[in-house]
Amino acid sequence: MSNVTQEPAETSEEALHQAAALTSTAVEALPGGRLASQLDGQAPLRIKLGIDPTAPDIHLGHTVVINKLREFQDAGHQVVLIIGDFTARIGDPSGRSDQRPMLDPERIDANAATFMEQAFKILDRERTEVRFNSEWLRMGSDQLFGLMSKATVAQLLERDDFQKRMAASDPISALELMYPLLQGYDSVAMEADVEVGGTDQKFNLLFGRDMQSAFGRPQQSVLTMPILPGIDGVKKMSKSTGNYIGVTDPPEEMFGKLMRVPDANLQEYWNLLLSEDPPAEVGPNEAKRELGRRLVARFHGPEASGAAEEHFNRLFVRHEVPEDVAEFEITGEVHLPAALADAFGISRSEARRVIGQGGVRKDGEPLPAEPLDYPASALDGAVIQVGKRRFKRFVEVA
RNA sequence: GGCGGAGUGUCCGAGUGGUUAAAGGAGACCGGCUGUAAACCGGUUGGCUCAGCCUACGUAGGUUCGAAUCCUACCUCCGCCA
């Protein structure tokens with residue numbers, strides 16, 4: 001029992017080499033040297049990634065970690081993808097400054113399904129085991145109490161997120177306190193050898209080790225990956241802050257969003273998403289374009305990438321109307337604020353404001369603040385544009 | 001269980017009876033400059049049948065000519081004591 005956690009006396013040259021390669025883009029690999037000695041064993045390692053299906057879409061931030069899993073797969077190891085359908089009901093407190101609402105089960109299931117679908121754009125299906133953690137976490141209270149006795153409140157409160165919240169007098173629910181215990185138990189149940197996550201997951205990942213040792217299991221090693229900033233270049237990429245690029249974003253949108261990433265973040269984006277340095281000999285504009293081409297090609301295929309760039313040039317370099325603009329049907333007398341509200345999903349008041357600011361164009365020409373009413377025939381076939389990137393073709397119908 | 005504090009717009013945060021749709025900041029949006037970058041500059045940022053009207057300051061009532069501001073109850077959160 002006691003010798004399972006002991007490191008072998010010597011680690012082979014080859015294992016050291018492999019470990020170095022696998023940890024090259026990681027921020028930390030803990031504990032030091034453990035991965036190398038694990039790699040020395042002949043059996044494939046079980047690499048765990050826990051995912052909370054709180055949002056349906058994978059964005060580029062997630063792909064940093066998923067890419068790492070792929071590297072492990074390519075080296076012959078087994079990935080265990082854990083869909084946190086049970087833990088999602090609690091909500092991971094990591095990086096949170098407030099409580100999360102509990103999610104309902106149907107939403108979680110739907111999210112999990114699309115999430116997996118998207119993860120397989122990167123992962124090798126053959127070497128991926130997908131499990132839902134409700135499978136083992138939906139336990140009886142006896143077992144749950146046993147689990148809870150393995151950790152102290154002090155340990156659970158140690159984490160930075162909670163310290164901050166307490167300092168700010170923000171609430172922490174007892175349920176949230178349970179999160180690391182449950183996630184840690186995932187590692188026990190799945191016999192994880194390695195767990196991968198963002199640096200914001202460090203506490204949870206390390207807690208998994210504590211749980212494993214509490215249950216007399218060998219302890220996993222932990223790999224933390226850098227957090228990709230969102231397209232604002234500042235905050236962590238996430239759906240809720242709206243600064244994300246989704247894996248399923250249409251090609252033009254993905255390309256466009258990548259072009260909006262601040263130059264200062266280029267290096268980071270290249271390193272984390274392509275595992276390369278940006279080309280030194282070209283300027284930031286071209287480096288960003290190349291980033292866009294490659295990523296669009298990865299998720300949508302090479303043809304899509306060319307089309308996306310062309311679309312970008314058309315709209316933002318040549319300031320032309322996009323090729324295919326969705327149509328919006330109008331009839332009779334058109335009250336512009338109302339039509340814009342319906343066509344673009346904004347309020348009528350907002351529509352009025354934008355018109356007043358010269359932000360609404362008809363076939364490229366700004367519309368004046370007056371009049372607000374037009375006969376449908378005057379707008380028939382015209383491309384109406386709000387701001388720089390929202391377009392609708394108005395079409396008169398009888 | 002007792003005592004005390006707090007709940008304001010997307011978020012943070014001023015505001016303690018009347019020019020308060022509510023200071024300031026962040027974010028977002030529009031425009032300018034550009035490489036749709038960032039930075040910077042200007043404007044906007046509750047809704048609507050828009051020179052007016054309606055709805056809003058935890059919820060429900062009440063006092064008052066008039067309330068985000070005072071009173072009562074309730075809900076939620078925080079702290080201290082037990």
# chains A, B, ... in the order shown; residues from 1 in each chain; ligands from 1
call {"tool": "select_by_dssp", "arguments": {"residues": "stretch 55-295 of chain A", "states": "alpha helix (DSSP H)", "output": "PyMOL selection string"}}
result
chain A and resi 60-74+105-119+134-137+141-148+153-157+160-167+174-189+202-214+251-260+266-269+284-295
call {"tool": "interface_residues", "arguments": {"of": "chain A", "to": "chain B", "cutoff": "8 Å", "atoms": "only C-alpha atoms (C1' of nucleotides)", "output": "ChimeraX atom specification"}}
result
/A:169-171,256,259-264,285,316,349,353-354,357-359,387-388
call {"tool": "write_last_selection", "arguments": {"atoms": "all heavy atoms", "output": "compact mmCIF listing (two decimals), in the first residue's frame"}}
result
# COMPACT_ATOMS: atom_id res chain seq x y z
N SER A 169 -16.67 40.40 2.27
CA SER A 169 -17.96 40.11 2.88
C SER A 169 -18.99 39.58 1.88
O SER A 169 -20.17 39.88 1.96
CB SER A 169 -18.55 41.35 3.56
OG SER A 169 -17.75 41.69 4.65
N ASP A 170 -18.51 38.82 0.92
CA ASP A 170 -19.43 38.20 -0.03
C ASP A 170 -19.77 36.79 0.44
O ASP A 170 -18.97 36.15 1.10
CB ASP A 170 -18.79 38.15 -1.43
CG ASP A 170 -18.76 39.52 -2.08
OD1 ASP A 170 -19.66 40.32 -1.78
OD2 ASP A 170 -17.83 39.80 -2.85
N PRO A 171 -20.93 36.35 0.05
CA PRO A 171 -21.37 35.04 0.53
C PRO A 171 -20.64 33.86 -0.11
O PRO A 171 -20.22 33.93 -1.26
CB PRO A 171 -22.85 35.00 0.14
CG PRO A 171 -22.98 35.94 -0.99
CD PRO A 171 -21.97 37.00 -0.76
N GLY A 256 -12.82 37.38 -38.04
CA GLY A 256 -13.00 38.77 -37.65
C GLY A 256 -12.63 39.01 -36.20
O GLY A 256 -11.97 39.98 -35.86
N MET A 259 -8.97 39.01 -35.63
CA MET A 259 -8.32 40.25 -36.06
C MET A 259 -8.48 41.36 -35.02
O MET A 259 -7.73 42.32 -35.00
CB MET A 259 -8.90 40.71 -37.40
CG MET A 259 -8.53 39.84 -38.58
SD MET A 259 -6.75 39.67 -38.84
CE MET A 259 -6.35 41.28 -39.52
N ARG A 260 -9.49 41.23 -34.21
CA ARG A 260 -9.72 42.27 -33.20
C ARG A 260 -8.89 42.07 -31.94
O ARG A 260 -8.90 42.90 -31.04
CB ARG A 260 -11.20 42.31 -32.84
CG ARG A 260 -12.02 43.02 -33.89
CD ARG A 260 -13.30 43.53 -33.29
NE ARG A 260 -14.32 42.49 -33.24
CZ ARG A 260 -15.36 42.54 -32.43
NH1 ARG A 260 -15.49 43.53 -31.59
NH2 ARG A 260 -16.26 41.59 -32.46
N VAL A 261 -8.23 40.94 -31.85
CA VAL A 261 -7.38 40.70 -30.69
C VAL A 261 -6.27 41.75 -30.67
O VAL A 261 -5.68 42.04 -31.69
CB VAL A 261 -6.77 39.28 -30.77
CG1 VAL A 261 -5.71 39.10 -29.71
CG2 VAL A 261 -7.86 38.24 -30.65
N PRO A 262 -6.02 42.36 -29.52
CA PRO A 262 -4.97 43.37 -29.46
C PRO A 262 -3.61 42.81 -29.87
O PRO A 262 -3.31 41.66 -29.57
CB PRO A 262 -4.94 43.77 -27.98
CG PRO A 262 -6.26 43.38 -27.43
CD PRO A 262 -6.73 42.21 -28.25
N ASP A 263 -2.81 43.61 -30.55
CA ASP A 263 -1.48 43.18 -30.98
C ASP A 263 -0.66 42.62 -29.83
O ASP A 263 0.08 41.66 -30.00
CB ASP A 263 -0.70 44.37 -31.55
CG ASP A 263 -1.27 44.80 -32.89
OD1 ASP A 263 -2.26 44.20 -33.32
OD2 ASP A 263 -0.71 45.74 -33.48
N ALA A 264 -0.81 43.25 -28.67
CA ALA A 264 0.00 42.86 -27.53
C ALA A 264 -0.23 41.40 -27.15
O ALA A 264 0.61 40.79 -26.49
CB ALA A 264 -0.31 43.76 -26.33
N ASN A 285 -0.34 42.84 -38.44
CA ASN A 285 -1.54 42.62 -39.24
C ASN A 285 -1.47 41.26 -39.92
O ASN A 285 -2.38 40.44 -39.83
CB ASN A 285 -1.69 43.74 -40.27
CG ASN A 285 -3.00 43.63 -41.04
OD1 ASN A 285 -3.26 42.64 -41.69
ND2 ASN A 285 -3.83 44.65 -40.93
N PHE A 316 -14.08 45.18 -44.24
CA PHE A 316 -13.33 46.13 -43.43
C PHE A 316 -12.18 46.80 -44.13
O PHE A 316 -11.73 47.84 -43.72
CB PHE A 316 -12.86 45.44 -42.16
CG PHE A 316 -14.00 44.90 -41.36
CD1 PHE A 316 -14.21 43.54 -41.24
CD2 PHE A 316 -14.91 45.77 -40.78
CE1 PHE A 316 -15.30 43.06 -40.53
CE2 PHE A 316 -16.00 45.30 -40.08
CZ PHE A 316 -16.20 43.93 -39.95
N SER A 349 -35.74 52.56 -28.96
CA SER A 349 -35.03 53.73 -28.47
C SER A 349 -33.58 53.71 -28.91
O SER A 349 -33.02 54.72 -29.32
CB SER A 349 -35.11 53.80 -26.95
OG SER A 349 -36.43 53.95 -26.53
N ARG A 353 -31.43 56.31 -31.33
CA ARG A 353 -30.15 56.89 -30.94
C ARG A 353 -29.10 56.66 -32.01
O ARG A 353 -28.40 57.58 -32.42
CB ARG A 353 -29.66 56.21 -29.65
CG ARG A 353 -30.10 56.88 -28.40
CD ARG A 353 -29.48 56.17 -27.21
NE ARG A 353 -30.52 55.61 -26.35
CZ ARG A 353 -30.58 54.36 -25.96
NH1 ARG A 353 -29.67 53.49 -26.36
NH2 ARG A 353 -31.54 53.95 -25.18
N VAL A 354 -29.02 55.41 -32.45
CA VAL A 354 -28.00 55.08 -33.43
C VAL A 354 -28.23 55.86 -34.74
O VAL A 354 -27.28 56.34 -35.35
CB VAL A 354 -27.95 53.56 -33.68
CG1 VAL A 354 -26.90 53.22 -34.71
CG2 VAL A 354 -27.65 52.84 -32.39
N GLN A 357 -26.95 59.23 -34.41
CA GLN A 357 -25.50 59.33 -34.36
C GLN A 357 -24.86 58.99 -35.70
O GLN A 357 -23.63 58.87 -35.79
CB GLN A 357 -24.96 58.40 -33.27
CG GLN A 357 -25.39 58.84 -31.88
CD GLN A 357 -24.85 57.94 -30.78
OE1 GLN A 357 -24.19 58.40 -29.86
NE2 GLN A 357 -25.13 56.66 -30.87
N GLY A 358 -25.69 58.84 -36.70
CA GLY A 358 -25.13 58.54 -38.01
C GLY A 358 -24.61 57.12 -38.13
O GLY A 358 -23.76 56.84 -38.97
N GLY A 359 -25.13 56.23 -37.31
CA GLY A 359 -24.63 54.86 -37.31
C GLY A 359 -25.44 53.91 -38.17
O GLY A 359 -25.16 52.73 -38.21
N GLY A 387 -23.99 50.24 -37.53
CA GLY A 387 -22.60 50.16 -37.11
C GLY A 387 -21.75 49.60 -38.24
O GLY A 387 -22.06 49.78 -39.41
N LYS A 388 -20.71 48.89 -37.87
CA LYS A 388 -19.78 48.42 -38.90
C LYS A 388 -20.06 47.01 -39.36
O LYS A 388 -19.66 46.61 -40.43
CB LYS A 388 -18.35 48.47 -38.36
CG LYS A 388 -17.81 49.87 -38.21
CD LYS A 388 -16.30 49.85 -38.01
CE LYS A 388 -15.72 51.24 -37.99
NZ LYS A 388 -15.76 51.85 -36.65
call {"tool": "select_by_dssp", "arguments": {"residues": "stretch 73-312 of chain A", "states": "strand (DSSP E)", "output": "VMD selection string"}}
result
chain A and resid 78 to 83 128 to 132 194 to 198 221 to 225
call {"tool": "atom_distance", "arguments": {"atom1": "atom CA of A:Ala287", "atom2": "atom CA of A:Asp232"}}
result
17.8 Å
call {"tool": "closest_residue", "arguments": {"among": "A:Leu379, A:Ala29, A:Leu60, A:Leu39", "to": "A:Ala15", "atoms": "only C-alpha atoms"}}
result
A:Leu39
call {"tool": "residues_around", "arguments": {"residues": "B:A26", "least_positions_apart": "4", "cutoff": "12 Å", "atoms": "only C-alpha atoms (C1' of nucleotides)", "output": "ChimeraX atom specification"}}
result
/B:10-13
call {"tool": "write_last_selection", "arguments": {"atoms": "N, CA, C and O atoms (P, O5', C5', C4', C3', O3' and C1' of nucleotides)", "output": "PDB file, in the first residue's frame"}}
result
ATOM      1  P     U B  10     -30.168  46.995 -15.754  1.00  0.00           P
ATOM      2  O5'   U B  10     -28.752  46.358 -16.130  1.00  0.00           O
ATOM      3  C5'   U B  10     -28.711  44.999 -16.539  1.00  0.00           C
ATOM      4  C4'   U B  10     -27.266  44.565 -16.616  1.00  0.00           C
ATOM      5  C3'   U B  10     -26.451  44.936 -15.398  1.00  0.00           C
ATOM      6  O3'   U B  10     -26.583  43.944 -14.396  1.00  0.00           O
ATOM      7  C1'   U B  10     -25.286  45.576 -17.359  1.00  0.00           C
ATOM      8  P     C B  11     -26.569  44.443 -12.841  1.00  0.00           P
ATOM      9  O5'   C B  11     -25.013  44.590 -12.587  1.00  0.00           O
ATOM     10  C5'   C B  11     -24.171  43.446 -12.588  1.00  0.00           C
ATOM     11  C4'   C B  11     -22.734  43.891 -12.472  1.00  0.00           C
ATOM     12  C3'   C B  11     -22.454  44.810 -11.292  1.00  0.00           C
ATOM     13  O3'   C B  11     -22.228  44.071 -10.107  1.00  0.00           O
ATOM     14  C1'   C B  11     -21.493  45.735 -13.238  1.00  0.00           C
ATOM     15  P     C B  12     -22.543  44.758  -8.705  1.00  0.00           P
ATOM     16  O5'   C B  12     -21.381  45.835  -8.575  1.00  0.00           O
ATOM     17  C5'   C B  12     -20.059  45.426  -8.281  1.00  0.00           C
ATOM     18  C4'   C B  12     -19.137  46.626  -8.293  1.00  0.00           C
ATOM     19  C3'   C B  12     -19.471  47.721  -7.291  1.00  0.00           C
ATOM     20  O3'   C B  12     -18.968  47.416  -6.005  1.00  0.00           O
ATOM     21  C1'   C B  12     -19.002  48.704  -9.375  1.00  0.00           C
ATOM     22  P     G B  13     -19.654  48.073  -4.695  1.00  0.00           P
ATOM     23  O5'   G B  13     -19.720  49.631  -5.042  1.00  0.00           O
ATOM     24  C5'   G B  13     -18.573  50.462  -4.926  1.00  0.00           C
ATOM     25  C4'   G B  13     -18.944  51.866  -5.348  1.00  0.00           C
ATOM     26  C3'   G B  13     -19.972  52.551  -4.465  1.00  0.00           C
ATOM     27  O3'   G B  13     -19.326  53.134  -3.342  1.00  0.00           O
ATOM     28  C1'   G B  13     -20.586  52.815  -6.733  1.00  0.00           C
TER      29        G B  13
END
call {"tool": "residues_around", "arguments": {"residues": "A:Gly364", "least_positions_apart": "4", "cutoff": "8 Å", "atoms": "only C-alpha atoms (C1' of nucleotides)", "output": "list in words"}}
result
Glu320, Val321, Val383 and Gln385 of chain A
call {"tool": "residues_around", "arguments": {"residues": "stretch 63-76 of chain B", "least_positions_apart": "6", "cutoff": "8 Å", "atoms": "only C-alpha atoms (C1' of nucleotides)", "output": "PyMOL selection string"}}
result
chain B and resi 7-8+16-18+57
call {"tool": "write_last_selection", "arguments": {"atoms": "N, CA, C and O atoms (P, O5', C5', C4', C3', O3' and C1' of nucleotides)", "output": "PDB file, in the first residue's frame"}}
result
ATOM      1  P     G B   7     -27.424  49.568   0.974  1.00  0.00           P
ATOM      2  O5'   G B   7     -27.400  48.170   0.211  1.00  0.00           O
ATOM      3  C5'   G B   7     -27.332  48.033  -1.192  1.00  0.00           C
ATOM      4  C4'   G B   7     -28.012  46.729  -1.545  1.00  0.00           C
ATOM      5  C3'   G B   7     -29.258  46.925  -2.400  1.00  0.00           C
ATOM      6  O3'   G B   7     -29.072  46.358  -3.695  1.00  0.00           O
ATOM      7  C1'   G B   7     -29.668  45.466  -0.555  1.00  0.00           C
ATOM      8  P     U B   8     -27.964  46.802  -4.733  1.00  0.00           P
ATOM      9  O5'   U B   8     -28.702  48.103  -5.193  1.00  0.00           O
ATOM     10  C5'   U B   8     -29.980  48.023  -5.841  1.00  0.00           C
ATOM     11  C4'   U B   8     -30.299  49.355  -6.422  1.00  0.00           C
ATOM     12  C3'   U B   8     -29.519  49.729  -7.674  1.00  0.00           C
ATOM     13  O3'   U B   8     -30.151  49.223  -8.834  1.00  0.00           O
ATOM     14  C1'   U B   8     -29.483  51.535  -6.153  1.00  0.00           C
ATOM     15  P     U B  16     -27.470  61.989   1.195  1.00  0.00           P
ATOM     16  O5'   U B  16     -28.599  63.087   1.332  1.00  0.00           O
ATOM     17  C5'   U B  16     -29.897  62.884   0.822  1.00  0.00           C
ATOM     18  C4'   U B  16     -30.796  62.269   1.883  1.00  0.00           C
ATOM     19  C3'   U B  16     -30.689  62.916   3.254  1.00  0.00           C
ATOM     20  O3'   U B  16     -31.691  63.931   3.291  1.00  0.00           O
ATOM     21  C1'   U B  16     -30.821  60.509   3.360  1.00  0.00           C
ATOM     22  P     G B  17     -32.514  64.764   4.022  1.00  0.00           P
ATOM     23  O5'   G B  17     -33.686  64.717   2.911  1.00  0.00           O
ATOM     24  C5'   G B  17     -34.551  63.696   2.887  1.00  0.00           C
ATOM     25  C4'   G B  17     -35.553  63.875   1.794  1.00  0.00           C
ATOM     26  C3'   G B  17     -35.742  65.268   1.184  1.00  0.00           C
ATOM     27  O3'   G B  17     -35.130  65.221  -0.114  1.00  0.00           O
ATOM     28  C1'   G B  17     -37.831  64.162   1.610  1.00  0.00           C
ATOM     29  P     G B  18     -34.822  66.603  -0.879  1.00  0.00           P
ATOM     30  O5'   G B  18     -36.001  66.593  -1.957  1.00  0.00           O
ATOM     31  C5'   G B  18     -35.851  65.914  -3.203  1.00  0.00           C
ATOM     32  C4'   G B  18     -36.953  66.415  -4.116  1.00  0.00           C
ATOM     33  C3'   G B  18     -36.527  67.506  -5.096  1.00  0.00           C
ATOM     34  O3'   G B  18     -36.671  66.935  -6.394  1.00  0.00           O
ATOM     35  C1'   G B  18     -38.526  68.106  -3.916  1.00  0.00           C
ATOM     36  P     C B  57     -38.059  50.559  -7.599  1.00  0.00           P
ATOM     37  O5'   C B  57     -36.635  50.655  -6.944  1.00  0.00           O
ATOM     38  C5'   C B  57     -35.596  49.762  -7.359  1.00  0.00           C
ATOM     39  C4'   C B  57     -34.327  50.277  -6.762  1.00  0.00           C
ATOM     40  C3'   C B  57     -34.476  50.559  -5.268  1.00  0.00           C
ATOM     41  O3'   C B  57     -33.575  49.668  -4.613  1.00  0.00           O
ATOM     42  C1'   C B  57     -33.498  52.410  -6.425  1.00  0.00           C
TER      43        C B  57
END
call {"tool": "residues_around", "arguments": {"residues": "stretch 111-115 of chain A", "least_positions_apart": "6", "cutoff": "9 Å", "atoms": "only C-alpha atoms (C1' of nucleotides)", "output": "PDB file with C-alpha atoms, in the first residue's frame"}}
result
ATOM      1  CA  ILE A  51     -15.507  19.917 -17.751  1.00  0.00           C
ATOM      2  CA  ASP A  52     -18.434  21.758 -16.296  1.00  0.00           C
ATOM      3  CA  PRO A  53     -21.155  21.823 -18.921  1.00  0.00           C
ATOM      4  CA  THR A  54     -22.399  25.200 -17.750  1.00  0.00           C
ATOM      5  CA  ALA A  55     -22.204  26.677 -21.242  1.00  0.00           C
ATOM      6  CA  PRO A  56     -22.816  24.714 -24.415  1.00  0.00           C
ATOM      7  CA  ASP A  57     -19.929  25.964 -26.464  1.00  0.00           C
ATOM      8  CA  ILE A  58     -16.250  25.350 -26.368  1.00  0.00           C
ATOM      9  CA  ILE A  83     -18.503  15.765 -17.907  1.00  0.00           C
ATOM     10  CA  GLY A  84     -19.322  17.386 -14.617  1.00  0.00           C
ATOM     11  CA  ASP A  85     -23.051  16.987 -14.913  1.00  0.00           C
TER      12      ASP A  85
END
call {"tool": "atom_distance", "arguments": {"atom1": "atom CA of A:Lys48", "atom2": "atom CA of A:Ala88"}}
result
16.8 Å
call {"tool": "residues_around", "arguments": {"residues": "B:C80", "least_positions_apart": "2", "cutoff": "12 Å", "atoms": "only C-alpha atoms (C1' of nucleotides)", "output": "list in words"}}
result
G2, C3, G4, G5, C78 and A82 of chain B
call {"tool": "write_last_selection", "arguments": {"atoms": "C-alpha atoms (C1' of nucleotides)", "output": "mmCIF file, in the first residue's frame"}}
result
data_model
loop_
_atom_site.group_PDB
_atom_site.id
_atom_site.type_symbol
_atom_site.label_atom_id
_atom_site.label_comp_id
_atom_site.auth_asym_id
_atom_site.auth_seq_id
_atom_site.Cartn_x
_atom_site.Cartn_y
_atom_site.Cartn_z
ATOM 1 C "C1'" G B 2 -29.595 38.254 20.608
ATOM 2 C "C1'" C B 3 -27.418 42.771 18.678
ATOM 3 C "C1'" G B 4 -25.686 45.609 14.601
ATOM 4 C "C1'" G B 5 -24.968 46.637 9.213
ATOM 5 C "C1'" C B 78 -22.810 40.316 5.917
ATOM 6 C "C1'" A B 82 -24.252 32.859 22.029
#
call {"tool": "decode", "arguments": {"residues": "stretch 5-26 of chain B", "atoms": "N, CA, C and O atoms (P, O5', C5', C4', C3', O3' and C1' of nucleotides)", "output": "CSV table (one decimal), in the first residue's frame"}}
result
chain,number,residue,atom,x,y,z
B,5,G,P,-27.5,49.6,12.9
B,5,G,O5',-26.7,49.0,11.7
B,5,G,C5',-25.4,49.6,11.3
B,5,G,C4',-24.8,48.8,10.1
B,5,G,C3',-25.6,48.9,8.8
B,5,G,O3',-25.3,50.1,8.1
B,5,G,C1',-25.0,46.6,9.2
B,6,A,P,-26.5,50.7,7.2
B,6,A,O5',-26.4,49.6,5.9
B,6,A,C5',-25.3,49.6,5.1
B,6,A,C4',-25.5,48.4,4.2
B,6,A,C3',-26.6,48.4,3.2
B,6,A,O3',-26.3,49.3,2.1
B,6,A,C1',-26.4,46.3,4.1
B,7,G,P,-27.4,49.6,1.0
B,7,G,O5',-27.4,48.2,0.2
B,7,G,C5',-27.3,48.0,-1.2
B,7,G,C4',-28.0,46.7,-1.5
B,7,G,C3',-29.3,46.9,-2.4
B,7,G,O3',-29.1,46.4,-3.7
B,7,G,C1',-29.7,45.5,-0.6
B,8,U,P,-28.0,46.8,-4.7
B,8,U,O5',-28.7,48.1,-5.2
B,8,U,C5',-30.0,48.0,-5.8
B,8,U,C4',-30.3,49.4,-6.4
B,8,U,C3',-29.5,49.7,-7.7
B,8,U,O3',-30.2,49.2,-8.8
B,8,U,C1',-29.5,51.5,-6.2
B,9,G,P,-29.6,47.9,-9.6
B,9,G,O5',-29.4,48.4,-11.1
B,9,G,C5',-30.5,48.1,-12.0
B,9,G,C4',-30.4,49.1,-13.1
B,9,G,C3',-29.2,48.8,-14.1
B,9,G,O3',-29.8,48.5,-15.4
B,9,G,C1',-29.4,51.1,-13.4
B,10,U,P,-30.2,47.0,-15.8
B,10,U,O5',-28.8,46.4,-16.1
B,10,U,C5',-28.7,45.0,-16.5
B,10,U,C4',-27.3,44.6,-16.6
B,10,U,C3',-26.5,44.9,-15.4
B,10,U,O3',-26.6,43.9,-14.4
B,10,U,C1',-25.3,45.6,-17.4
B,11,C,P,-26.6,44.4,-12.8
B,11,C,O5',-25.0,44.6,-12.6
B,11,C,C5',-24.2,43.4,-12.6
B,11,C,C4',-22.7,43.9,-12.5
B,11,C,C3',-22.5,44.8,-11.3
B,11,C,O3',-22.2,44.1,-10.1
B,11,C,C1',-21.5,45.7,-13.2
B,12,C,P,-22.5,44.8,-8.7
B,12,C,O5',-21.4,45.8,-8.6
B,12,C,C5',-20.1,45.4,-8.3
B,12,C,C4',-19.1,46.6,-8.3
B,12,C,C3',-19.5,47.7,-7.3
B,12,C,O3',-19.0,47.4,-6.0
B,12,C,C1',-19.0,48.7,-9.4
B,13,G,P,-19.7,48.1,-4.7
B,13,G,O5',-19.7,49.6,-5.0
B,13,G,C5',-18.6,50.5,-4.9
B,13,G,C4',-18.9,51.9,-5.3
B,13,G,C3',-20.0,52.6,-4.5
B,13,G,O3',-19.3,53.1,-3.3
B,13,G,C1',-20.6,52.8,-6.7
B,14,A,P,-20.2,53.9,-2.2
B,14,A,O5',-20.5,55.3,-2.9
B,14,A,C5',-21.4,56.1,-2.3
B,14,A,C4',-21.4,57.4,-3.1
B,14,A,C3',-22.5,58.4,-2.7
B,14,A,O3',-22.1,59.1,-1.6
B,14,A,C1',-22.6,58.2,-5.0
B,15,G,P,-22.9,59.0,-0.2
B,15,G,O5',-24.3,59.6,-0.6
B,15,G,C5',-24.3,60.9,-1.1
B,15,G,C4',-25.6,61.1,-1.9
B,15,G,C3',-26.9,60.9,-1.1
B,15,G,O3',-27.2,62.0,-0.4
B,15,G,C1',-27.0,59.9,-3.3
B,16,U,P,-27.5,62.0,1.2
B,16,U,O5',-28.6,63.1,1.3
B,16,U,C5',-29.9,62.9,0.8
B,16,U,C4',-30.8,62.3,1.9
B,16,U,C3',-30.7,62.9,3.3
B,16,U,O3',-31.7,63.9,3.3
B,16,U,C1',-30.8,60.5,3.4
B,17,G,P,-32.5,64.8,4.0
B,17,G,O5',-33.7,64.7,2.9
B,17,G,C5',-34.6,63.7,2.9
B,17,G,C4',-35.6,63.9,1.8
B,17,G,C3',-35.7,65.3,1.2
B,17,G,O3',-35.1,65.2,-0.1
B,17,G,C1',-37.8,64.2,1.6
B,18,G,P,-34.8,66.6,-0.9
B,18,G,O5',-36.0,66.6,-2.0
B,18,G,C5',-35.9,65.9,-3.2
B,18,G,C4',-37.0,66.4,-4.1
B,18,G,C3',-36.5,67.5,-5.1
B,18,G,O3',-36.7,66.9,-6.4
B,18,G,C1',-38.5,68.1,-3.9
B,19,U,P,-35.7,66.6,-7.4
B,19,U,O5',-34.5,67.7,-7.5
B,19,U,C5',-34.7,69.0,-7.9
B,19,U,C4',-34.8,69.2,-9.4
B,19,U,C3',-33.5,69.0,-10.1
B,19,U,O3',-33.2,67.6,-10.4
B,19,U,C1',-34.5,70.9,-10.9
B,20,U,P,-31.8,67.0,-10.6
B,20,U,O5',-31.9,65.6,-11.2
B,20,U,C5',-33.0,65.1,-12.0
B,20,U,C4',-33.5,63.8,-11.5
B,20,U,C3',-34.7,63.9,-10.6
B,20,U,O3',-35.9,63.4,-11.2
B,20,U,C1',-33.0,62.5,-9.7
B,21,A,P,-36.1,63.3,-12.7
B,21,A,O5',-35.2,62.1,-13.1
B,21,A,C5',-35.3,61.5,-14.3
B,21,A,C4',-34.1,60.7,-14.6
B,21,A,C3',-33.7,60.8,-16.1
B,21,A,O3',-32.4,61.1,-16.2
B,21,A,C1',-34.0,58.5,-15.4
B,22,A,P,-31.5,62.1,-15.3
B,22,A,O5',-31.4,61.4,-13.9
B,22,A,C5',-30.4,60.4,-13.6
B,22,A,C4',-30.0,60.5,-12.2
B,22,A,C3',-28.9,59.5,-11.8
B,22,A,O3',-27.6,60.2,-11.9
B,22,A,C1',-30.7,59.0,-10.5
B,23,A,P,-26.6,59.8,-13.0
B,23,A,O5',-25.3,60.6,-12.5
B,23,A,C5',-25.4,62.0,-12.4
B,23,A,C4',-24.3,62.5,-11.5
B,23,A,C3',-22.9,62.1,-11.9
B,23,A,O3',-22.3,62.8,-13.0
B,23,A,C1',-23.1,61.8,-9.6
B,24,G,P,-21.6,62.1,-14.2
B,24,G,O5',-20.4,61.3,-13.4
B,24,G,C5',-19.4,62.1,-12.8
B,24,G,C4',-18.4,61.1,-12.1
B,24,G,C3',-17.9,60.0,-13.0
B,24,G,O3',-16.9,60.3,-13.8
B,24,G,C1',-18.6,59.1,-10.9
B,25,G,P,-16.7,59.6,-15.2
B,25,G,O5',-16.2,58.1,-14.8
B,25,G,C5',-15.0,58.0,-14.2
B,25,G,C4',-14.8,56.6,-13.7
B,25,G,C3',-15.0,55.5,-14.8
B,25,G,O3',-13.8,55.3,-15.5
B,25,G,C1',-16.2,54.8,-12.9
B,26,A,P,-13.9,54.9,-17.0
B,26,A,O5',-14.3,53.4,-16.9
B,26,A,C5',-13.3,52.4,-16.3
B,26,A,C4',-14.0,51.1,-16.1
B,26,A,C3',-14.5,50.5,-17.5
B,26,A,O3',-13.5,49.9,-18.2
B,26,A,C1',-16.2,50.3,-15.8
